[in-house]
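*Asks:* Pasting a structure here, questions to come.
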Amino acid sequence: MEKSQMSQEFDLTPDPRILQMLGEINLPQWRCLAELIDNSIDGFVHSVRSYSPIDGPEICVSLPMTDNENARVTVKDNGPGMSFESLQNAVRAGWSGNDPLFNLGLFGMGFNIATARLGLVTEVWTSRAGDPEEVGVRIDLDELRTTRSFRVPRQTRPKMDHSSHGTTIVIGRLKHDQRAYLARSTNQKTMRKHLARAYSSLLGSSEAGTIRLMIGGARLSPRRHCVWGEERTVSFPDGTVARAVEHIDVKLAPRRYCTHCMRTLAVIEDSCPTGSKSCNVVEVERRVHGWIGLQRYLHNTEFGLDFIRNGRKIEIANKDLFDWSDGDTAEVEYPTDDQRGRGRFVGEIHIDHCRVSYTKDRFERDDPAWSEMMRVVRGEGPLRPIVAKQRGYEGNDSPLYRLYQAFRRSSPHGKNGLWSRVLVVKDNDRALQMADLFELGDPDYLTDERWWQLVLEQDREVLGEAPGGDGDSPLPHGFLDEPTQPENLGEPSTTEGQHPQPQPGPPPQLPRRSIHELSRKYVHPTYRVEFEIQAYSVDVNDSDLPTGLPWVLKLDDIATRTYAFLVDVSHEVFRSTTMTPLDGLLTELTHRTVDFLKGQAQDPSIAGILTDFRMQYCRETRLDPQEIITMATSVLGDIARAIPSLIIGDEGEAMFNELDEDEKESVARRMAHRRVPDHKALIADGRFWDYADPESLRALFNRRPEVFLDGKFWDDSYISLDFGSATVTDEARRSVRARYDAYLGDAVWLANQSPVDIDRAGRDAVIRATCSVRLLKSDILN
């Protein structure tokens, strides 16, 4: 082999098509913008750390307004700018001059992925304060592919103001699908929403100061979580307290980290195993901090934890910590108590030291830092206390565990539970409407006071108090001794020798009390007729309430078109299961809507308008077949899963032996279908009831009511009943057992129905069965 051949070097410059291939990575548009915004933020942070902070840091993102060939995306900042050498490195795929520990930029791929994803031509212009000109580079992917060369000319242009500084990125020749997406106003609104949330920690007070971020001409404000206040608490039976917001700040043991390879070393490793000359191992302080808390409304998707790295949210509304896995299978632990699968646990967890994916949309689960964070936030083992005990886990005191024990339910616990004990607004549609006002920055809705008033009203209803009341009934006239009125001797009399008799006046008018549950904006879902309503509970003698009528709706404020709904909740018409103040209000709104629409193209009917209003605002009272069946199944499941915690010793096996052969076969078949690894263990500790038929569960109660009553699962007395006579006591116990057996019979019937069966069933039968299911909810927190 010739020496000249030995000295030749391989040309490892990647093919220019690589850049276009990077553009095929499926990165959402808002994340593409975020990659470029990250670079600007890193520039501001670097200036602060170099003791030359930027005054008024600002990033402006311009988006196309129309879908045409001239559409462009521009990202401009007033950061420190770059030299020619720094610019040259910044646009090279795979190069990163950022410290991977304390900056947003990481792999040197974000710029290339983002720009290639959006368009085919990218220009970058940058300058530092004092530079006489801007230096730039133009990357044309089509041209690079044709020439098969990465060599592009350096460009310059003069600066009008030598003291100016910053960087501008312009992406042109946008891909057809990208420019069509970016030009739509609704999509721009969606991107603003995502970016406002992703950068919520940096748009306020940050290391670089208050950064002004403009997207399409609109300044972004940080998108905050709508959570209950920290002062809202509930107490556990043992006297401990759970807060609506739990703060987290845990320092972990420092670990060694290679800034070149961007990996955390194992505890036993003193040096990076890569062995490269470029390796640089440093010791890193590590910390998990943030908070988890309770959202003021329930939602099917808008809940979960945000995971943050160096101020930017990498994962938003993630629900991984709500599952528990034993290594083989994963089980969803939250939300399971809400019939509609809605949740409200939210939070922000900072894990700056955990590795992320190259697209910066996910923390790497195989990084030990992720497992450490999980132990800090949710502890070891299942969140469900019964399951945790069965699996041998004890003593969980993690923030998520405390939140779960107090607030996992979306309705009150037990038969007469109060909504304040779980911090839930019963009318979730109303809570969602208020949350929209919170997001718009309405000062009346920034605190949780409006939500709290609704919760108090709900509790008063449970306690049998009048809506809008304060819990104290007014004293009747004459209940207390009243001072004797002195004679008015100075007044002339109409009869000689006598003083005039005082004439009785109207009784004093009692103050009106707001009914927060009814006070809201009502909008007809089809015709969009709007009514702003302020509802008040009034006395029968209120001057604005016509004599003998239960309510009146009157225009109270012409300027704001606000109506006052005045209602006498003590009126006889409301002593009914089919008439409530809400029904009265919707009736009034129906007639006003019909009057408003008269003479227009539509031909509204009272029946149609009222139906629409009730479908919109009476969802909580609807007899939805699927929800009813789900509720029955859920309550029976709660009873079955509680049994292992209610029994002792070998009672589990004894209970299994009490089953007849058909019941045992049914349990075994279900275990087999679910691939239970150790069915004998489940039989021994009573967990087999989770696989039993509902009718078997009912039969168990009738055999062993003492397992469930006397404060074990339900509060009603059974064994503790003693009337001094064995006959009377037995009769009382039979009565309790028969009552709960009837409840269980209704629940079993519902659980075995299909939605079509429920629709065919009689209305009264469905209402009765639904009430029975509610009465079967446990009175004991478990």
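All residue names refer to the structure tokens as shown: chains lettered A, B, ... in order, residues numbered from 1 in each chain, ligands numbered from 1 in order.
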Among range 393-634 of chain A, which residues does DSSP mark as strand (DSSP E or B) when it is run on the backbone? Keep the chain and numbering as in the structure and answer as a list in words.
*Replies:*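 Matching residues for strand (DSSP E or B) in range 393-634 of chain A are Arg513, Ser514, Arg520, Lys521, Tyr522, Val523, Glu530, Phe531, Glu532, Ile533, Gln534, Ala535, Tyr536, Ser537, Trp551, Val552, Leu553, Lys554, Leu555, Asp556, Asp557, Thr562, Tyr563, Ala564, Phe565, Leu566 and Val567 of chain A.
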*Asks:* Could you turn the residues from that selection into a file that holds N, CA, C and O atoms, as a CSV table (one decimal), in the first residue's frame?
*Replies:*
chain,number,residue,atom,x,y,z
A,513,ARG,N,-79.6,37.9,49.9
A,513,ARG,CA,-78.4,37.1,50.0
A,513,ARG,C,-78.1,36.5,48.6
A,513,ARG,O,-79.0,35.9,48.0
A,514,SER,N,-76.9,36.7,48.2
A,514,SER,CA,-76.5,36.2,46.9
A,514,SER,C,-76.6,34.7,46.8
A,514,SER,O,-76.2,34.0,47.7
A,520,ARG,N,-74.5,33.8,37.1
A,520,ARG,CA,-73.6,33.5,36.0
A,520,ARG,C,-74.1,34.1,34.7
A,520,ARG,O,-75.2,34.6,34.7
A,521,LYS,N,-73.4,33.9,33.6
A,521,LYS,CA,-73.9,34.2,32.3
A,521,LYS,C,-74.5,33.0,31.7
A,521,LYS,O,-73.9,31.9,31.6
A,522,TYR,N,-75.8,33.1,31.2
A,522,TYR,CA,-76.5,32.1,30.6
A,522,TYR,C,-76.6,32.4,29.1
A,522,TYR,O,-77.0,33.5,28.7
A,523,VAL,N,-76.2,31.4,28.3
A,523,VAL,CA,-76.1,31.6,26.8
A,523,VAL,C,-76.9,30.4,26.2
A,523,VAL,O,-76.6,29.3,26.4
A,530,GLU,N,-77.8,35.9,25.2
A,530,GLU,CA,-77.0,35.9,26.4
A,530,GLU,C,-77.8,36.7,27.5
A,530,GLU,O,-78.5,37.7,27.3
A,531,PHE,N,-77.7,36.2,28.8
A,531,PHE,CA,-78.3,36.8,29.9
A,531,PHE,C,-77.3,36.8,31.1
A,531,PHE,O,-76.8,35.7,31.4
A,532,GLU,N,-76.9,38.0,31.6
A,532,GLU,CA,-76.0,38.0,32.7
A,532,GLU,C,-76.9,38.1,34.0
A,532,GLU,O,-77.7,39.0,34.1
A,533,ILE,N,-76.8,37.1,34.8
A,533,ILE,CA,-77.8,36.9,35.9
A,533,ILE,C,-77.1,37.1,37.3
A,533,ILE,O,-76.0,36.4,37.5
A,534,GLN,N,-77.6,37.9,38.2
A,534,GLN,CA,-77.2,37.9,39.6
A,534,GLN,C,-78.4,37.5,40.4
A,534,GLN,O,-79.5,38.1,40.3
A,535,ALA,N,-78.3,36.3,41.0
A,535,ALA,CA,-79.4,35.7,41.8
A,535,ALA,C,-79.3,36.0,43.2
A,535,ALA,O,-78.3,36.1,43.8
A,536,TYR,N,-80.5,36.3,43.8
A,536,TYR,CA,-80.6,36.6,45.3
A,536,TYR,C,-81.7,35.8,45.9
A,536,TYR,O,-82.8,35.7,45.4
A,537,SER,N,-81.5,35.3,47.1
A,537,SER,CA,-82.5,34.8,47.9
A,537,SER,C,-83.1,35.9,48.7
A,537,SER,O,-82.4,36.7,49.4
A,551,TRP,N,-90.8,33.9,42.6
A,551,TRP,CA,-89.6,34.6,42.0
A,551,TRP,C,-90.1,35.7,41.0
A,551,TRP,O,-91.2,35.7,40.6
A,552,VAL,N,-89.1,36.5,40.7
A,552,VAL,CA,-89.2,37.5,39.6
A,552,VAL,C,-87.9,37.7,39.0
A,552,VAL,O,-86.8,37.7,39.7
A,553,LEU,N,-87.9,38.0,37.7
A,553,LEU,CA,-86.7,38.3,36.9
A,553,LEU,C,-86.8,39.8,36.4
A,553,LEU,O,-87.8,40.0,35.7
A,554,LYS,N,-85.9,40.6,36.8
A,554,LYS,CA,-86.0,42.0,36.4
A,554,LYS,C,-84.7,42.6,35.9
A,554,LYS,O,-83.6,42.1,36.4
A,555,LEU,N,-84.7,43.5,34.9
A,555,LEU,CA,-83.5,44.1,34.4
A,555,LEU,C,-83.0,45.1,35.5
A,555,LEU,O,-83.7,46.1,35.8
A,556,ASP,N,-81.9,44.7,36.0
A,556,ASP,CA,-81.3,45.5,37.2
A,556,ASP,C,-80.4,46.6,36.8
A,556,ASP,O,-80.3,47.6,37.4
A,557,ASP,N,-79.6,46.3,35.7
A,557,ASP,CA,-78.6,47.3,35.3
A,557,ASP,C,-78.6,47.4,33.8
A,557,ASP,O,-78.2,46.5,33.1
A,562,THR,N,-77.6,43.5,33.0
A,562,THR,CA,-77.6,42.5,34.1
A,562,THR,C,-79.0,42.4,34.7
A,562,THR,O,-79.6,43.4,35.0
A,563,TYR,N,-79.4,41.1,34.8
A,563,TYR,CA,-80.7,40.8,35.3
A,563,TYR,C,-80.6,40.4,36.8
A,563,TYR,O,-79.7,39.6,37.1
A,564,ALA,N,-81.6,40.8,37.6
A,564,ALA,CA,-81.6,40.3,39.0
A,564,ALA,C,-82.7,39.2,39.1
A,564,ALA,O,-83.9,39.5,38.7
A,565,PHE,N,-82.4,38.1,39.5
A,565,PHE,CA,-83.3,37.0,39.7
A,565,PHE,C,-83.6,36.9,41.2
A,565,PHE,O,-82.7,36.5,42.0
A,566,LEU,N,-84.7,37.3,41.7
A,566,LEU,CA,-85.1,37.3,43.1
A,566,LEU,C,-86.0,36.2,43.4
A,566,LEU,O,-87.0,36.0,42.7
A,567,VAL,N,-85.7,35.3,44.3
A,567,VAL,CA,-86.4,34.1,44.6
A,567,VAL,C,-86.6,33.9,46.1
A,567,VAL,O,-85.7,34.1,46.9
*Asks:* Please provide the set of residues having any atom within 6 Å of range 162-177 of chain A, restricted to only C-alpha atoms, with same-chain residues fewer than 6 positions apart removed, written as an MDAnalysis selection string.
*Replies:* chainID A and resid 72:81 118:132
*Asks:* Find the residues around Gly290 in chain A up to 9 Å (only C-alpha atoms counted), leave out those fewer than 4 positions away in its own chain, and share them as a PyMOL selection string.
*Replies:* chain A and resi 246-249+347-350
*Asks:* May I have the selected residues written with C-alpha atoms, as a tab-separated table (two decimals), in the first residue's frame?
*Replies:*
chain	number	residue	atom	x	y	z
A	246	GLU	CA	-48.27	21.00	48.57
A	247	HIS	CA	-44.82	22.55	48.08
A	248	ILE	CA	-41.76	20.46	47.26
A	249	ASP	CA	-38.10	21.35	47.80
A	347	GLY	CA	-48.40	20.92	39.45
A	348	GLU	CA	-45.01	22.16	38.33
A	349	ILE	CA	-41.93	20.05	39.06
A	350	HIS	CA	-38.43	21.36	38.30
*Asks:* Please run DSSP on the backbone and report, as an NGL selection string, all residues within range 398-446 of chain A that come out as alpha helix (DSSP H).
*Replies:* :A and (399-407 or 428-439)
*Asks:* Could you state the separation of CA of Arg384 in chain A and CA of Leu659 in chain A in Å, given to one decimal place?
*Replies:* 27.3 Å
*Asks:* Pick out the closest residue to Ile292 in chain A from this set: A:Leu265, A:Gln390, A:Phe345, A:Trp324. Count only C-alpha atoms.
*Replies:*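 For Ile292 in chain A, the nearest of the given residues is A:Phe345.
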*Asks:* Between A:Ile643, A:Ala559, A:Leu775, A:Ala726, which is the closest to Pro412 in chain A once you count only C-alpha atoms?
*Replies:* A:Leu775
*Asks:* Skipping near chain neighbours, those fewer than 2 positions away, what residues fall within 8 Å of Phe613 in chain A using only C-alpha atoms, listed as a count of residues only?
*Replies:* 11
*Asks:* Pick out the residues sitting within 10 Å of Met373 in chain A, and hand them over as a VMD selection string; count only C-alpha atoms, and ignore anything fewer than 2 positions along from it in its own chain.
*Replies:* chain A and resid 250 252 287 to 289 349 to 351 354 368 to 371 375 to 379
*Asks:* Quick one: write out the picked residues with N, CA, C and O atoms as a compact mmCIF listing (two decimals), in the first residue's frame?
*Replies:*
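Printed below is result03.txt as written:
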# COMPACT_ATOMS: atom_id res chain seq x y z
N VAL A 250 -36.60 19.46 47.68
CA VAL A 250 -35.75 18.39 48.23
C VAL A 250 -34.40 18.43 47.52
O VAL A 250 -34.33 18.36 46.30
N LEU A 252 -31.03 16.63 46.57
CA LEU A 252 -30.52 15.28 46.40
C LEU A 252 -28.99 15.28 46.53
O LEU A 252 -28.35 16.33 46.43
N ARG A 287 -31.47 19.06 42.71
CA ARG A 287 -32.59 19.48 43.55
C ARG A 287 -33.91 19.25 42.80
O ARG A 287 -34.01 19.53 41.61
N VAL A 288 -34.90 18.74 43.49
CA VAL A 288 -36.26 18.61 42.96
C VAL A 288 -37.12 19.61 43.71
O VAL A 288 -37.20 19.56 44.95
N HIS A 289 -37.72 20.52 42.99
CA HIS A 289 -38.56 21.51 43.67
C HIS A 289 -39.75 21.88 42.81
O HIS A 289 -39.80 21.60 41.60
N ILE A 349 -43.08 20.70 38.43
CA ILE A 349 -41.93 20.05 39.06
C ILE A 349 -40.67 20.39 38.26
O ILE A 349 -40.59 20.11 37.06
N HIS A 350 -39.70 20.98 38.92
CA HIS A 350 -38.43 21.36 38.30
C HIS A 350 -37.40 20.25 38.53
O HIS A 350 -37.09 19.90 39.68
N ILE A 351 -36.89 19.69 37.42
CA ILE A 351 -35.82 18.67 37.50
C ILE A 351 -34.76 19.04 36.46
O ILE A 351 -34.63 18.39 35.43
N CYS A 354 -32.14 16.33 35.04
CA CYS A 354 -32.57 15.09 34.37
C CYS A 354 -32.40 15.24 32.86
O CYS A 354 -32.67 16.29 32.28
N PRO A 368 -31.57 7.89 35.97
CA PRO A 368 -31.88 7.67 37.38
C PRO A 368 -32.54 8.87 38.05
O PRO A 368 -33.28 8.71 39.02
N ALA A 369 -32.28 10.07 37.52
CA ALA A 369 -32.87 11.27 38.12
C ALA A 369 -34.40 11.24 38.03
O ALA A 369 -35.08 11.80 38.90
N TRP A 370 -34.94 10.60 36.99
CA TRP A 370 -36.40 10.52 36.87
C TRP A 370 -36.98 9.66 37.98
O TRP A 370 -37.98 10.04 38.62
N SER A 371 -36.37 8.53 38.26
CA SER A 371 -36.85 7.65 39.33
C SER A 371 -36.74 8.33 40.68
O SER A 371 -37.63 8.18 41.54
N ARG A 375 -39.86 9.19 43.39
CA ARG A 375 -39.89 8.84 44.81
C ARG A 375 -40.15 10.06 45.68
O ARG A 375 -40.82 9.96 46.71
N VAL A 376 -39.62 11.21 45.28
CA VAL A 376 -39.85 12.44 46.04
C VAL A 376 -41.31 12.87 45.95
O VAL A 376 -41.93 13.22 46.95
N VAL A 377 -41.87 12.84 44.75
CA VAL A 377 -43.20 13.40 44.52
C VAL A 377 -44.31 12.44 44.94
O VAL A 377 -45.29 12.86 45.56
N ARG A 378 -44.19 11.13 44.60
CA ARG A 378 -45.29 10.21 44.89
C ARG A 378 -44.93 9.08 45.84
O ARG A 378 -45.80 8.29 46.22
N GLY A 379 -43.67 8.98 46.23
CA GLY A 379 -43.28 7.96 47.18
C GLY A 379 -43.18 6.58 46.55
O GLY A 379 -43.27 6.41 45.35
*Asks:* Near Lys680 in chain A, counting only C-alpha atoms, which residues have an atom at most 12 Å away, once you skip same-chain residues fewer than 5 positions from it, shown as a list of chain:residue names?
*Replies:* A:Gly652, A:Glu653, A:Phe656, A:Val667, A:Ala668, A:Met671, A:Asp685, A:Gly686, A:Arg687, A:Phe688
